[in-house]
file upload04.cif (mmCIF, C-alpha atoms)
data_data
loop_
_atom_site.group_PDB
_atom_site.id
_atom_site.type_symbol
_atom_site.label_atom_id
_atom_site.label_comp_id
_atom_site.auth_asym_id
_atom_site.auth_seq_id
_atom_site.Cartn_x
_atom_site.Cartn_y
_atom_site.Cartn_z
ATOM 1 C CA MET A 1 1.630 -17.889 -3.858
ATOM 2 C CA VAL A 2 -0.138 -14.557 -3.546
ATOM 3 C CA SER A 3 -1.768 -13.180 -6.695
ATOM 4 C CA GLU A 4 -2.492 -9.651 -7.857
ATOM 5 C CA PHE A 5 -6.200 -10.466 -7.466
ATOM 6 C CA GLU A 6 -5.728 -10.957 -3.721
ATOM 7 C CA VAL A 7 -3.967 -7.588 -3.548
ATOM 8 C CA TYR A 8 -6.775 -6.015 -5.579
ATOM 9 C CA SER A 9 -9.367 -7.505 -3.242
ATOM 10 C CA GLU A 10 -7.489 -6.067 -0.260
ATOM 11 C CA LEU A 11 -7.349 -2.680 -2.001
ATOM 12 C CA GLU A 12 -11.113 -2.838 -2.565
ATOM 13 C CA SER A 13 -11.556 -3.413 1.168
ATOM 14 C CA MET A 14 -9.630 -0.184 1.800
ATOM 15 C CA THR A 15 -11.349 2.120 -0.700
ATOM 16 C CA GLU A 16 -14.073 2.241 -3.302
ATOM 17 C CA ILE A 17 -12.685 1.827 -6.803
ATOM 18 C CA PRO A 18 -14.591 3.499 -9.645
ATOM 19 C CA GLU A 19 -15.505 1.141 -12.495
ATOM 20 C CA LYS A 20 -13.422 3.096 -15.016
ATOM 21 C CA ASP A 21 -10.273 2.664 -12.871
ATOM 22 C CA LYS A 22 -10.508 -1.062 -12.158
ATOM 23 C CA ASP A 23 -8.005 -2.080 -14.867
ATOM 24 C CA PHE A 24 -5.558 0.628 -13.801
ATOM 25 C CA CYS A 25 -5.869 -0.485 -10.179
ATOM 26 C CA LEU A 26 -5.289 -4.129 -11.068
ATOM 27 C CA ASP A 27 -2.132 -3.145 -12.958
ATOM 28 C CA LEU A 28 -1.055 -1.064 -9.967
ATOM 29 C CA CYS A 29 -1.634 -4.028 -7.651
ATOM 30 C CA THR A 30 0.418 -6.255 -9.949
ATOM 31 C CA SER A 31 3.256 -3.755 -9.956
ATOM 32 C CA TRP A 32 3.279 -3.298 -6.185
ATOM 33 C CA LEU A 33 3.055 -7.034 -5.579
ATOM 34 C CA GLU A 34 6.242 -7.495 -7.615
ATOM 35 C CA LYS A 35 7.961 -4.596 -5.835
ATOM 36 C CA THR A 36 6.976 -6.039 -2.468
ATOM 37 C CA ARG A 37 8.204 -9.515 -3.418
ATOM 38 C CA ARG A 38 11.607 -8.078 -4.312
ATOM 39 C CA LYS A 39 11.926 -6.838 -0.714
ATOM 40 C CA LEU A 40 11.487 -10.306 0.795
ATOM 41 C CA LYS A 41 14.284 -12.405 2.238
ATOM 42 C CA SER A 42 13.271 -15.511 0.300
ATOM 43 C CA ALA A 43 10.676 -16.824 -2.102
ATOM 44 C CA THR A 44 9.207 -18.915 0.725
ATOM 45 C CA ASP A 45 7.730 -15.714 2.154
ATOM 46 C CA TYR A 46 5.691 -14.981 -1.011
ATOM 47 C CA SER A 47 2.506 -16.491 0.431
ATOM 48 C CA ASP A 48 2.632 -14.516 3.683
ATOM 49 C CA PRO A 49 -0.518 -12.380 4.170
ATOM 50 C CA ARG A 50 1.682 -9.396 5.069
ATOM 51 C CA VAL A 51 2.748 -9.294 1.414
ATOM 52 C CA VAL A 52 -0.859 -8.694 0.348
ATOM 53 C CA SER A 53 -1.328 -5.968 2.966
ATOM 54 C CA ALA A 54 1.898 -4.190 2.054
ATOM 55 C CA ALA A 55 1.237 -4.238 -1.691
ATOM 56 C CA ALA A 56 -2.366 -3.052 -1.244
ATOM 57 C CA ALA A 57 -1.335 -0.271 1.145
ATOM 58 C CA ALA A 58 1.313 0.920 -1.320
ATOM 59 C CA ALA A 59 -1.240 0.902 -4.145
ATOM 60 C CA LEU A 60 -3.683 2.862 -1.977
ATOM 61 C CA TYR A 61 -1.018 5.457 -1.211
ATOM 62 C CA VAL A 62 -0.246 5.885 -4.919
ATOM 63 C CA LEU A 63 -3.953 6.239 -5.711
ATOM 64 C CA THR A 64 -4.353 8.826 -2.965
ATOM 65 C CA VAL A 65 -1.412 10.896 -4.176
ATOM 66 C CA ARG A 66 -2.723 10.648 -7.748
ATOM 67 C CA SER A 67 -6.176 11.730 -6.648
ATOM 68 C CA CYS A 68 -4.888 14.677 -4.621
ATOM 69 C CA ILE A 69 -2.591 15.872 -7.406
ATOM 70 C CA SER A 70 -5.256 15.607 -10.089
ATOM 71 C CA GLY A 71 -7.861 17.224 -7.858
ATOM 72 C CA THR A 72 -10.385 14.464 -8.481
ATOM 73 C CA ASP A 73 -12.491 12.833 -5.811
ATOM 74 C CA GLU A 74 -12.240 9.363 -7.345
ATOM 75 C CA PHE A 75 -10.767 7.749 -4.252
ATOM 76 C CA SER A 76 -12.629 9.697 -1.628
ATOM 77 C CA THR A 77 -13.289 7.015 0.968
ATOM 78 C CA PHE A 78 -10.934 4.847 2.970
ATOM 79 C CA LYS A 79 -11.880 1.876 5.098
ATOM 80 C CA ALA A 80 -9.860 0.254 7.872
ATOM 81 C CA GLY A 81 -11.904 -2.257 9.804
ATOM 82 C CA ASP A 82 -14.894 -0.441 11.266
ATOM 83 C CA ILE A 83 -13.558 3.032 10.471
ATOM 84 C CA THR A 84 -14.470 4.825 7.245
ATOM 85 C CA VAL A 85 -13.071 8.228 6.333
ATOM 86 C CA SER A 86 -14.897 10.075 3.565
ATOM 87 C CA GLN A 87 -14.143 13.190 1.528
ATOM 88 C CA SER A 88 -16.626 15.267 3.497
ATOM 89 C CA ALA A 89 -14.737 14.459 6.713
ATOM 90 C CA ALA A 90 -11.193 14.746 5.416
ATOM 91 C CA SER A 91 -9.059 17.253 3.581
ATOM 92 C CA LYS A 92 -6.380 16.309 1.064
ATOM 93 C CA ASN A 93 -3.711 16.450 3.752
ATOM 94 C CA SER A 94 -5.557 14.167 6.126
ATOM 95 C CA LYS A 95 -6.330 11.702 3.295
ATOM 96 C CA LEU A 96 -2.645 11.609 2.406
ATOM 97 C CA ALA A 97 -1.642 11.235 6.048
ATOM 98 C CA TYR A 98 -4.091 8.387 6.527
ATOM 99 C CA ALA A 99 -2.944 6.537 3.393
ATOM 100 C CA LYS A 100 0.692 7.077 4.346
ATOM 101 C CA GLU A 101 0.078 5.712 7.847
ATOM 102 C CA LEU A 102 -1.601 2.601 6.415
ATOM 103 C CA TYR A 103 1.403 2.112 4.130
ATOM 104 C CA LEU A 104 3.958 2.625 6.920
ATOM 105 C CA GLU A 105 2.101 0.236 9.230
ATOM 106 C CA ALA A 106 2.031 -2.410 6.491
ATOM 107 C CA MET A 107 5.779 -1.931 5.954
ATOM 108 C CA ARG A 108 6.424 -2.310 9.701
ATOM 109 C CA GLU A 109 4.474 -5.576 9.660
ATOM 110 C CA LEU A 110 6.432 -6.744 6.615
ATOM 111 C CA ALA A 111 9.819 -5.949 8.204
ATOM 112 C CA PRO A 112 10.447 -9.377 9.820
ATOM 113 C CA ILE A 113 10.342 -11.117 6.433
ATOM 114 C CA ALA A 114 11.970 -8.334 4.402
ATOM 115 C CA GLU A 115 15.635 -7.955 3.592
ATOM 116 C CA ASP A 116 17.456 -5.135 5.288
ATOM 117 C CA ASN A 117 19.291 -3.389 2.473
ATOM 118 C CA SER A 118 20.051 -0.269 4.443
ATOM 119 C CA PHE A 119 23.601 0.932 4.717
ATOM 120 C CA TYR A 120 25.217 2.060 7.936
ATOM 121 C CA ALA A 121 28.513 3.894 8.014
ATOM 122 C CA GLY A 122 29.737 4.142 11.573
ATOM 123 C CA LYS A 123 32.869 5.676 12.942
ATOM 124 C CA ILE A 124 35.622 3.307 14.003
ATOM 125 C CA ASP A 125 38.236 4.624 16.380
ATOM 126 C CA ILE A 126 41.636 2.963 16.214
#
call {"tool": "encode", "arguments": {"input": "upload04.cif", "output": "structure tokens"}}
result
Amino acid sequence: MVSEFEVYSELESMTEIPEKDKDFCLDLCTSWLEKTRRKLKSATDYSDPRVVSAAAAAALYVLTVRSCISGTDEFSTFKAGDITVSQSAASKNSKLAYAKELYLEAMRELAPIAEDNSFYAGKIDI
């Protein structure tokens, strides 16, 4: 079973977390892990690594929005593999776009094990 600490560790691999925000970020990871679990088809999927990625990406997106709204530079760097984007190289819009893209990619990867709760109303001709 995936823990909030694994999600937090993944989040730390995506951005630098200031010391004063570590508890907040752990709570955020816990919250997003639960939200992500509720999207899954079954409890057997809880240990899938895509759950960690999706929860961490969602937490990163929330942190980015929070940072941009508050005008702080607390979460000013993002890391994805070998690529690092820093505040000096990115505006608020590009930081948000980058965080959103990470989140959407994680959701696409999670899709095969997630429930499809969407509603489709099609036209039926009789």
call {"tool": "resolve_selection", "arguments": {"input": "upload04.cif", "expression": "the PyMOL selection byres ((chain A and resi 102) around 12)", "output": "compact mmCIF listing (two decimals) with C-alpha atoms, in the frame of the given file"}}
result
# COMPACT_ATOMS: atom_id res chain seq x y z
CA LEU A 11 -7.35 -2.68 -2.00
CA MET A 14 -9.63 -0.18 1.80
CA SER A 53 -1.33 -5.97 2.97
CA ALA A 54 1.90 -4.19 2.05
CA ALA A 55 1.24 -4.24 -1.69
CA ALA A 56 -2.37 -3.05 -1.24
CA ALA A 57 -1.34 -0.27 1.14
CA ALA A 58 1.31 0.92 -1.32
CA ALA A 59 -1.24 0.90 -4.14
CA LEU A 60 -3.68 2.86 -1.98
CA TYR A 61 -1.02 5.46 -1.21
CA VAL A 62 -0.25 5.88 -4.92
CA THR A 64 -4.35 8.83 -2.96
CA PHE A 78 -10.93 4.85 2.97
CA LYS A 79 -11.88 1.88 5.10
CA ALA A 80 -9.86 0.25 7.87
CA GLY A 81 -11.90 -2.26 9.80
CA LYS A 95 -6.33 11.70 3.30
CA LEU A 96 -2.64 11.61 2.41
CA ALA A 97 -1.64 11.24 6.05
CA TYR A 98 -4.09 8.39 6.53
CA ALA A 99 -2.94 6.54 3.39
CA LYS A 100 0.69 7.08 4.35
CA GLU A 101 0.08 5.71 7.85
CA TYR A 103 1.40 2.11 4.13
CA LEU A 104 3.96 2.62 6.92
CA GLU A 105 2.10 0.24 9.23
CA ALA A 106 2.03 -2.41 6.49
CA MET A 107 5.78 -1.93 5.95
CA ARG A 108 6.42 -2.31 9.70
CA GLU A 109 4.47 -5.58 9.66
call {"tool": "residues_around", "arguments": {"input": "upload04.cif", "residues": "A:Leu28", "least_positions_apart": "2", "cutoff": "9 Å", "atoms": "all atoms listed in the file", "output": "list in words"}}
result
Glu4, Tyr8, Asp23, Phe24, Cys25, Leu26, Thr30, Ser31, Trp32, Leu33, Ala59, Val62 and Leu63 of chain A
call {"tool": "axis_aligned_box", "arguments": {"input": "upload04.cif", "around": "stretch 24-38 of chain A", "padding_each_side": "4 Å", "output": "lines of an AutoDock Vina configuration file"}}
result
center_x = 2.9
center_y = -4.4
center_z = -8.1
size_x = 25.5
size_y = 18.1
size_z = 19.3
call {"tool": "atom_distance", "arguments": {"input": "upload04.cif", "atom1": "atom CA of A:Pro49", "atom2": "atom CA of A:Leu110"}}
result
9.3 Å
call {"tool": "closest_residue", "arguments": {"input": "upload04.cif", "among": "A:Cys68, A:Val7, A:Val51, A:Val2", "to": "A:Thr36", "atoms": "only C-alpha atoms"}}
result
A:Val51
call {"tool": "atom_distance", "arguments": {"input": "upload04.cif", "atom1": "atom CA of A:Ser3", "atom2": "atom CA of A:Arg37"}}
result
11.1 Å
call {"tool": "closest_residue", "arguments": {"input": "upload04.cif", "among": "A:Thr44, A:Ser67, A:Glu34, A:Phe5", "to": "A:Asp21", "atoms": "all atoms listed in the file"}}
result
A:Ser67
call {"tool": "residues_around", "arguments": {"input": "upload04.cif", "residues": "A:Asp116", "least_positions_apart": "3", "cutoff": "10 Å", "atoms": "only C-alpha atoms", "output": "VMD selection string"}}
result
chain A and resid 39 to 41 111 to 113 119
call {"tool": "atom_distance", "arguments": {"input": "upload04.cif", "atom1": "atom CA of A:Glu16", "atom2": "atom CA of A:Arg50"}}
result
21.3 Å
call {"tool": "closest_residue", "arguments": {"input": "upload04.cif", "among": "A:Val65, A:Ala43, A:Ile124, A:Val52", "to": "A:Glu6", "atoms": "only C-alpha atoms"}}
result
A:Val52
call {"tool": "closest_residue", "arguments": {"input": "upload04.cif", "among": "A:Ile17, A:Glu10, A:Ser70, A:Arg38", "to": "A:Asn117", "atoms": "all atoms listed in the file"}}
result
A:Arg38
